[in-house]
Amino acid sequence: MKKILIICGPTATGKTALALKLAKQWNGELISADSRQVYKGLDALTGKDRSDDGAVWLYDVVEPGSEFSVAHFVRLARSVIVDIHKRKKLPIVVGGTGFYLTALTTAIDSLAVPPNPALRNAFHAASLESLQQELQRVSPDRWGRMNESDQKNPRRLIRAIEVAMSAKYIPQVRPHFDALWIGLIAPLAMLKQRITNRVAERFDKAASEVRDGLPPILGVASLLSFTRGQSTKKEALAKWAWAEYQYAKRQVTWFKKEKHIQWFDVSDTSCGEAVAACVTAWYTN
RNA sequence: GCUGAGGUGCCGGAGUGGUCAAUCGGUGCAGACUGUAAAUCUGCCGCCCUAACGGGCUACCCAGGUUCGAAUCCUGGCCUCAGCA
């Protein structure tokens with residue numbers, strides 16, 4: 001089975017730095033699994049790490065305005081992985097978008113169903129109740145499989161209706177990877193500190209990158225209010241850092257349930273060695 | 001010092017005699033997640049007991065008062081803000 005190394009975890013734990021190190025050691029290439037770093041430009045805003053000479057796959061693949069989703073990611077990432085394997089190198093997938101990672105390594109059938117703009121548009125302003133009724137009508141089965149939270153989530157309801165009404169439901173093939181999942185974590189207080197530092201470092205450059213019309217990206221709102229003179233740098237900085245911190249906690253919630261992840265605490269001084277040992281054992285096996 | 005506005009739970013901010021532990025938003029905590037996932041959504045969120053239903057306690061600046069009953073009305077005090085000095 002082809003090996004891929006996955007490095008995941010919340011933001012600001014040093015995933016990319018670690019991945020770059022491992023790439024050197026094991027002749028690997030990085031693939032970013034990050035839903036915002038796919039956008040061209042916005043390096044500081046989305047925290048792209050270009051400190052090394054090696055290119056990172058799936059950075060800068062689309063313009064900020066254009067459509068991009070898990071399905072695009074999976075397609076691109078899989079073809080890049082095939083390519084890297086062809087060149088006898090090790091793909092190292094690094095990123096914090098948990099859903100992308102899950103989709104990459106499992107088979108999600110509904111991913112074959114593309115968005116239906118007409119349908120989305122038709123339901124855009126529909127009330128929650130009418131969406132619920134519509135889904136129960138077109139697919140009681142799907143409705144029944146949704147949990148209580150999703151049953152109240154308009155976006156998920158519309159997507160469920162979209163999938164239910166599509167003819168293109170093709171079962172997907174589960175990829176066969178020998179994947180090693182390395183998770184990087186840190187105590188919350190440390191995470192908060194690292195986020196604050198990172199945001200401060202990137203602030204000025206990010207401020208020059210923001211503009212109207214960008215997709216939802218953490219920090220844009222506070223940076224714009226700063227560049228427009230509606231808030232001080234200090235305020236904008238604090239707000240942006242806080243948003244990142246909240247995001248980090250959401251990431252932790254997601255990754256918690258992925259039981260195949262081997263966790264390493266970066267506040268632990270022997271963390272680096274531990275990861276190295278773990279990777280070595282897996283890779284040379 | 002005068003005039004006007006106002007002091008509500010961690011924060012913002014509703015409520016203006018009972019149905020108020022107090023709408024709503026944010027934060028916080030827990031969680032969901034199968035093409036927007038850095039998105040979207042759910043639950044809980046004064047304290048104590050309870051698995052829950054429910055019950056008890058303390059609360060709307062402070063002190064008095066009116067009333068069967070006050071976050072809501074009255075009096076006094078303290079503080080904040082805006083304008084005038």
# chains A, B, ... in the order shown; residues from 1 in each chain; ligands from 1

call {"tool": "closest_atom_pairs", "arguments": {"of": "chain A", "to": "chain B", "cutoff": "9 Å", "atoms": "only C-alpha atoms (C1' of nucleotides)", "output": "JSON lines"}}
result
{"residue": "A:Asp34", "atom": "CA", "partner": "B:A38", "partner_atom": "C1'", "distance": 8.8}
{"residue": "A:Ser35", "atom": "CA", "partner": "B:A38", "partner_atom": "C1'", "distance": 7.4}
{"residue": "A:Arg36", "atom": "CA", "partner": "B:A38", "partner_atom": "C1'", "distance": 6.8}
{"residue": "A:Thr46", "atom": "CA", "partner": "B:A38", "partner_atom": "C1'", "distance": 8.6}
{"residue": "A:Glu67", "atom": "CA", "partner": "B:U36", "partner_atom": "C1'", "distance": 8.5}
{"residue": "A:Phe68", "atom": "CA", "partner": "B:U36", "partner_atom": "C1'", "distance": 8.1}
{"residue": "A:Ser69", "atom": "CA", "partner": "B:G35", "partner_atom": "C1'", "distance": 5.5}
{"residue": "A:Val70", "atom": "CA", "partner": "B:G35", "partner_atom": "C1'", "distance": 5.7}
{"residue": "A:Ala71", "atom": "CA", "partner": "B:G35", "partner_atom": "C1'", "distance": 5.3}
{"residue": "A:His72", "atom": "CA", "partner": "B:G35", "partner_atom": "C1'", "distance": 7.9}
{"residue": "A:Thr97", "atom": "CA", "partner": "B:A37", "partner_atom": "C1'", "distance": 7.2}
{"residue": "A:Gly98", "atom": "CA", "partner": "B:A37", "partner_atom": "C1'", "distance": 8.0}
{"residue": "A:Phe99", "atom": "CA", "partner": "B:A37", "partner_atom": "C1'", "distance": 6.4}
{"residue": "A:Tyr100", "atom": "CA", "partner": "B:A37", "partner_atom": "C1'", "distance": 8.1}
{"residue": "A:Ala103", "atom": "CA", "partner": "B:U34", "partner_atom": "C1'", "distance": 7.9}
{"residue": "A:Ala107", "atom": "CA", "partner": "B:U34", "partner_atom": "C1'", "distance": 8.5}
{"residue": "A:Ile108", "atom": "CA", "partner": "B:U34", "partner_atom": "C1'", "distance": 5.2}
{"residue": "A:Asp109", "atom": "CA", "partner": "B:U34", "partner_atom": "C1'", "distance": 7.0}
{"residue": "A:Ser110", "atom": "CA", "partner": "B:U34", "partner_atom": "C1'", "distance": 6.2}
{"residue": "A:Leu111", "atom": "CA", "partner": "B:G35", "partner_atom": "C1'", "distance": 5.7}
{"residue": "A:Ala112", "atom": "CA", "partner": "B:G35", "partner_atom": "C1'", "distance": 8.1}
{"residue": "A:Val113", "atom": "CA", "partner": "B:G35", "partner_atom": "C1'", "distance": 7.3}
{"residue": "A:Pro114", "atom": "CA", "partner": "B:G35", "partner_atom": "C1'", "distance": 6.3}
{"residue": "A:Pro115", "atom": "CA", "partner": "B:G35", "partner_atom": "C1'", "distance": 6.7}
{"residue": "A:Asn147", "atom": "CA", "partner": "B:A32", "partner_atom": "C1'", "distance": 7.6}
{"residue": "A:Glu148", "atom": "CA", "partner": "B:U42", "partner_atom": "C1'", "distance": 6.9}
{"residue": "A:Ser149", "atom": "CA", "partner": "B:U42", "partner_atom": "C1'", "distance": 4.1}
{"residue": "A:Asp150", "atom": "CA", "partner": "B:C41", "partner_atom": "C1'", "distance": 6.1}
{"residue": "A:Gln151", "atom": "CA", "partner": "B:C41", "partner_atom": "C1'", "distance": 8.7}
{"residue": "A:Lys152", "atom": "CA", "partner": "B:C41", "partner_atom": "C1'", "distance": 6.7}
{"residue": "A:Asn153", "atom": "CA", "partner": "B:C41", "partner_atom": "C1'", "distance": 4.8}
{"residue": "A:Pro154", "atom": "CA", "partner": "B:C41", "partner_atom": "C1'", "distance": 8.1}
{"residue": "A:Arg155", "atom": "CA", "partner": "B:U40", "partner_atom": "C1'", "distance": 6.3}
{"residue": "A:Arg156", "atom": "CA", "partner": "B:U40", "partner_atom": "C1'", "distance": 7.6}
{"residue": "A:Arg159", "atom": "CA", "partner": "B:G35", "partner_atom": "C1'", "distance": 8.6}
{"residue": "A:Pro216", "atom": "CA", "partner": "B:A38", "partner_atom": "C1'", "distance": 7.3}
{"residue": "A:Ile217", "atom": "CA", "partner": "B:A38", "partner_atom": "C1'", "distance": 5.4}
{"residue": "A:Leu218", "atom": "CA", "partner": "B:A38", "partner_atom": "C1'", "distance": 5.5}
{"residue": "A:Glu244", "atom": "CA", "partner": "B:A38", "partner_atom": "C1'", "distance": 7.9}
{"residue": "A:Tyr247", "atom": "CA", "partner": "B:A38", "partner_atom": "C1'", "distance": 6.8}
{"residue": "A:Thr253", "atom": "CA", "partner": "B:G31", "partner_atom": "C1'", "distance": 8.0}
{"residue": "A:Trp254", "atom": "CA", "partner": "B:C33", "partner_atom": "C1'", "distance": 8.5}

call {"tool": "write_last_selection", "arguments": {"atoms": "N, CA and C atoms", "output": "compact mmCIF listing (two decimals), in the first residue's frame"}}
result
# COMPACT_ATOMS: atom_id res chain seq x y z
N ASP A 34 -5.80 22.76 3.45
CA ASP A 34 -6.29 23.94 4.14
C ASP A 34 -7.25 24.67 3.20
N SER A 35 -8.44 24.88 3.69
CA SER A 35 -9.49 25.43 2.84
C SER A 35 -9.28 26.89 2.45
N ARG A 36 -8.36 27.58 3.09
CA ARG A 36 -8.15 28.99 2.72
C ARG A 36 -6.83 29.20 1.99
N THR A 46 -3.70 34.08 5.30
CA THR A 46 -4.03 32.68 5.51
C THR A 46 -2.87 31.90 6.12
N GLU A 67 -15.22 29.28 -6.97
CA GLU A 67 -15.77 28.16 -6.23
C GLU A 67 -14.69 27.14 -5.88
N PHE A 68 -14.70 26.73 -4.66
CA PHE A 68 -13.77 25.68 -4.24
C PHE A 68 -14.41 24.96 -3.06
N SER A 69 -14.29 23.66 -3.04
CA SER A 69 -14.87 22.90 -1.94
C SER A 69 -14.11 21.61 -1.74
N VAL A 70 -14.54 20.85 -0.75
CA VAL A 70 -13.90 19.56 -0.46
C VAL A 70 -13.71 18.73 -1.69
N ALA A 71 -14.73 18.72 -2.57
CA ALA A 71 -14.66 17.87 -3.75
C ALA A 71 -13.48 18.27 -4.62
N HIS A 72 -13.30 19.56 -4.79
CA HIS A 72 -12.15 20.02 -5.57
C HIS A 72 -10.86 19.59 -4.89
N THR A 97 -7.76 21.60 8.09
CA THR A 97 -9.15 21.45 7.69
C THR A 97 -9.54 19.98 7.79
N GLY A 98 -10.05 19.62 8.93
CA GLY A 98 -10.33 18.23 9.24
C GLY A 98 -11.19 17.53 8.21
N PHE A 99 -12.19 18.21 7.75
CA PHE A 99 -13.10 17.60 6.79
C PHE A 99 -12.38 17.23 5.49
N TYR A 100 -11.46 18.06 5.07
CA TYR A 100 -10.70 17.77 3.85
C TYR A 100 -9.89 16.49 4.04
N ALA A 103 -12.24 13.50 4.00
CA ALA A 103 -12.72 13.23 2.65
C ALA A 103 -11.63 12.62 1.79
N ALA A 107 -14.22 7.40 1.55
CA ALA A 107 -15.04 7.55 0.36
C ALA A 107 -16.35 8.22 0.75
N ILE A 108 -16.55 9.41 0.26
CA ILE A 108 -17.79 10.13 0.55
C ILE A 108 -18.63 10.16 -0.73
N ASP A 109 -19.64 9.32 -0.76
CA ASP A 109 -20.41 9.14 -1.99
C ASP A 109 -21.02 10.42 -2.53
N SER A 110 -21.59 11.20 -1.65
CA SER A 110 -22.29 12.39 -2.11
C SER A 110 -21.38 13.41 -2.77
N LEU A 111 -20.08 13.23 -2.62
CA LEU A 111 -19.15 14.17 -3.23
C LEU A 111 -19.26 14.19 -4.75
N ALA A 112 -19.87 13.17 -5.29
CA ALA A 112 -20.03 13.13 -6.75
C ALA A 112 -21.19 14.02 -7.20
N VAL A 113 -21.99 14.46 -6.25
CA VAL A 113 -23.13 15.30 -6.61
C VAL A 113 -22.71 16.77 -6.55
N PRO A 114 -22.67 17.40 -7.71
CA PRO A 114 -22.25 18.80 -7.73
C PRO A 114 -23.36 19.72 -7.24
N PRO A 115 -23.01 20.92 -6.91
CA PRO A 115 -24.04 21.86 -6.47
C PRO A 115 -25.02 22.14 -7.61
N ASN A 147 -28.77 14.23 12.21
CA ASN A 147 -28.95 14.43 13.65
C ASN A 147 -29.70 15.73 13.89
N GLU A 148 -30.04 15.94 15.14
CA GLU A 148 -30.88 17.07 15.50
C GLU A 148 -30.26 18.41 15.11
N SER A 149 -28.98 18.48 15.24
CA SER A 149 -28.29 19.72 14.90
C SER A 149 -28.41 20.00 13.40
N ASP A 150 -28.12 19.01 12.60
CA ASP A 150 -28.19 19.20 11.15
C ASP A 150 -29.61 19.42 10.65
N GLN A 151 -30.55 18.84 11.35
CA GLN A 151 -31.94 19.04 10.94
C GLN A 151 -32.38 20.49 11.12
N LYS A 152 -31.58 21.23 11.84
CA LYS A 152 -31.89 22.65 12.03
C LYS A 152 -30.91 23.54 11.28
N ASN A 153 -30.12 22.94 10.44
CA ASN A 153 -29.08 23.66 9.73
C ASN A 153 -29.49 23.85 8.27
N PRO A 154 -29.94 25.06 7.92
CA PRO A 154 -30.45 25.32 6.56
C PRO A 154 -29.48 24.87 5.46
N ARG A 155 -28.22 25.18 5.65
CA ARG A 155 -27.25 24.83 4.61
C ARG A 155 -27.19 23.32 4.39
N ARG A 156 -27.20 22.59 5.45
CA ARG A 156 -27.13 21.13 5.33
C ARG A 156 -28.41 20.57 4.76
N ARG A 159 -28.39 21.11 1.04
CA ARG A 159 -27.48 20.15 0.41
C ARG A 159 -28.12 18.75 0.39
N PRO A 216 -15.13 34.36 3.29
CA PRO A 216 -14.97 34.45 4.75
C PRO A 216 -13.62 33.88 5.16
N ILE A 217 -12.79 34.71 5.71
CA ILE A 217 -11.48 34.29 6.19
C ILE A 217 -11.25 35.00 7.51
N LEU A 218 -10.76 34.28 8.48
CA LEU A 218 -10.53 34.87 9.79
C LEU A 218 -9.62 36.08 9.69
N GLU A 244 -9.01 33.54 15.77
CA GLU A 244 -8.15 32.39 15.45
C GLU A 244 -8.16 31.38 16.59
N TYR A 247 -11.28 29.46 16.55
CA TYR A 247 -11.18 28.49 15.46
C TYR A 247 -10.34 27.28 15.89
N THR A 253 -12.05 20.21 18.55
CA THR A 253 -13.28 19.43 18.66
C THR A 253 -13.39 18.43 17.51
N TRP A 254 -13.08 18.88 16.32
CA TRP A 254 -13.16 17.97 15.17
C TRP A 254 -12.16 16.82 15.32

call {"tool": "select_by_dssp", "arguments": {"residues": "range 106-176 of chain A", "states": "alpha helix (DSSP H)", "output": "ChimeraX atom specification"}}
result
/A:117-123,128-138,140-145,154-165

call {"tool": "atom_distance", "arguments": {"atom1": "C1' of G15 in chain B", "atom2": "C1' of G69 in chain B"}}
result
17.9 Å

call {"tool": "select_by_dssp", "arguments": {"residues": "range 193-271 of chain A", "states": "strand (DSSP E)", "output": "PyMOL selection string"}}
result
chain A and resi 262-265

call {"tool": "residues_around", "arguments": {"residues": "Thr11 in chain A", "least_positions_apart": "6", "cutoff": "9 Å", "atoms": "only C-alpha atoms (C1' of nucleotides)", "output": "PyMOL selection string"}}
result
chain A and resi 95-96+191+195+244-245+247-248+251

call {"tool": "write_last_selection", "arguments": {"atoms": "C-alpha atoms", "output": "mmCIF file, in the first residue's frame"}}
result
data_model
loop_
_atom_site.group_PDB
_atom_site.id
_atom_site.type_symbol
_atom_site.label_atom_id
_atom_site.label_comp_id
_atom_site.auth_asym_id
_atom_site.auth_seq_id
_atom_site.Cartn_x
_atom_site.Cartn_y
_atom_site.Cartn_z
ATOM 1 C CA GLY A 95 -3.388 20.948 7.268
ATOM 2 C CA GLY A 96 -6.013 21.913 9.734
ATOM 3 C CA LEU A 191 -1.920 27.837 21.774
ATOM 4 C CA ILE A 195 -1.658 32.476 17.897
ATOM 5 C CA GLU A 244 -8.152 32.389 15.445
ATOM 6 C CA TYR A 245 -8.183 31.049 18.951
ATOM 7 C CA TYR A 247 -11.180 28.489 15.458
ATOM 8 C CA ALA A 248 -8.382 26.479 17.012
ATOM 9 C CA GLN A 251 -10.469 22.307 15.183
#

call {"tool": "residues_around", "arguments": {"residues": "Ile261 in chain A", "least_positions_apart": "6", "cutoff": "8 Å", "atoms": "only C-alpha atoms (C1' of nucleotides)", "output": "PyMOL selection string"}}
result
chain A and resi 180-183

call {"tool": "residues_around", "arguments": {"residues": "U72 in chain B", "least_positions_apart": "2", "cutoff": "7 Å", "atoms": "only C-alpha atoms (C1' of nucleotides)", "output": "compact mmCIF listing (two decimals) with C-alpha atoms (C1' of nucleotides), in the first residue's frame"}}
result
# COMPACT_ATOMS: atom_id res chain seq x y z
C1' U B 16 -40.58 49.91 32.56
C1' G B 17 -45.80 47.05 38.65
C1' A B 70 -40.96 46.30 42.26

call {"tool": "closest_residue", "arguments": {"among": "A:Leu104, A:Leu119, A:Ala238, A:Gln172", "to": "Leu76 in chain A", "atoms": "only C-alpha atoms"}}
result
A:Leu104

call {"tool": "residues_around", "arguments": {"residues": "Asp178 in chain A", "least_positions_apart": "3", "cutoff": "7 Å", "atoms": "only C-alpha atoms (C1' of nucleotides)", "output": "number ranges by chain"}}
result
A: 1-4

call {"tool": "residues_around", "arguments": {"residues": "range 7-10 of chain B", "least_positions_apart": "4", "cutoff": "10 Å", "atoms": "only C-alpha atoms (C1' of nucleotides)", "output": "ChimeraX atom specification"}}
result
/B:14-15,21-22,27-28,46,59-61,71,79-80

call {"tool": "atom_distance", "arguments": {"atom1": "CA of Glu29 in chain A", "atom2": "CA of Leu90 in chain A"}}
result
6.2 Å

call {"tool": "atom_distance", "arguments": {"atom1": "CA of Val279 in chain A", "atom2": "CA of Arg78 in chain A"}}
result
21.5 Å
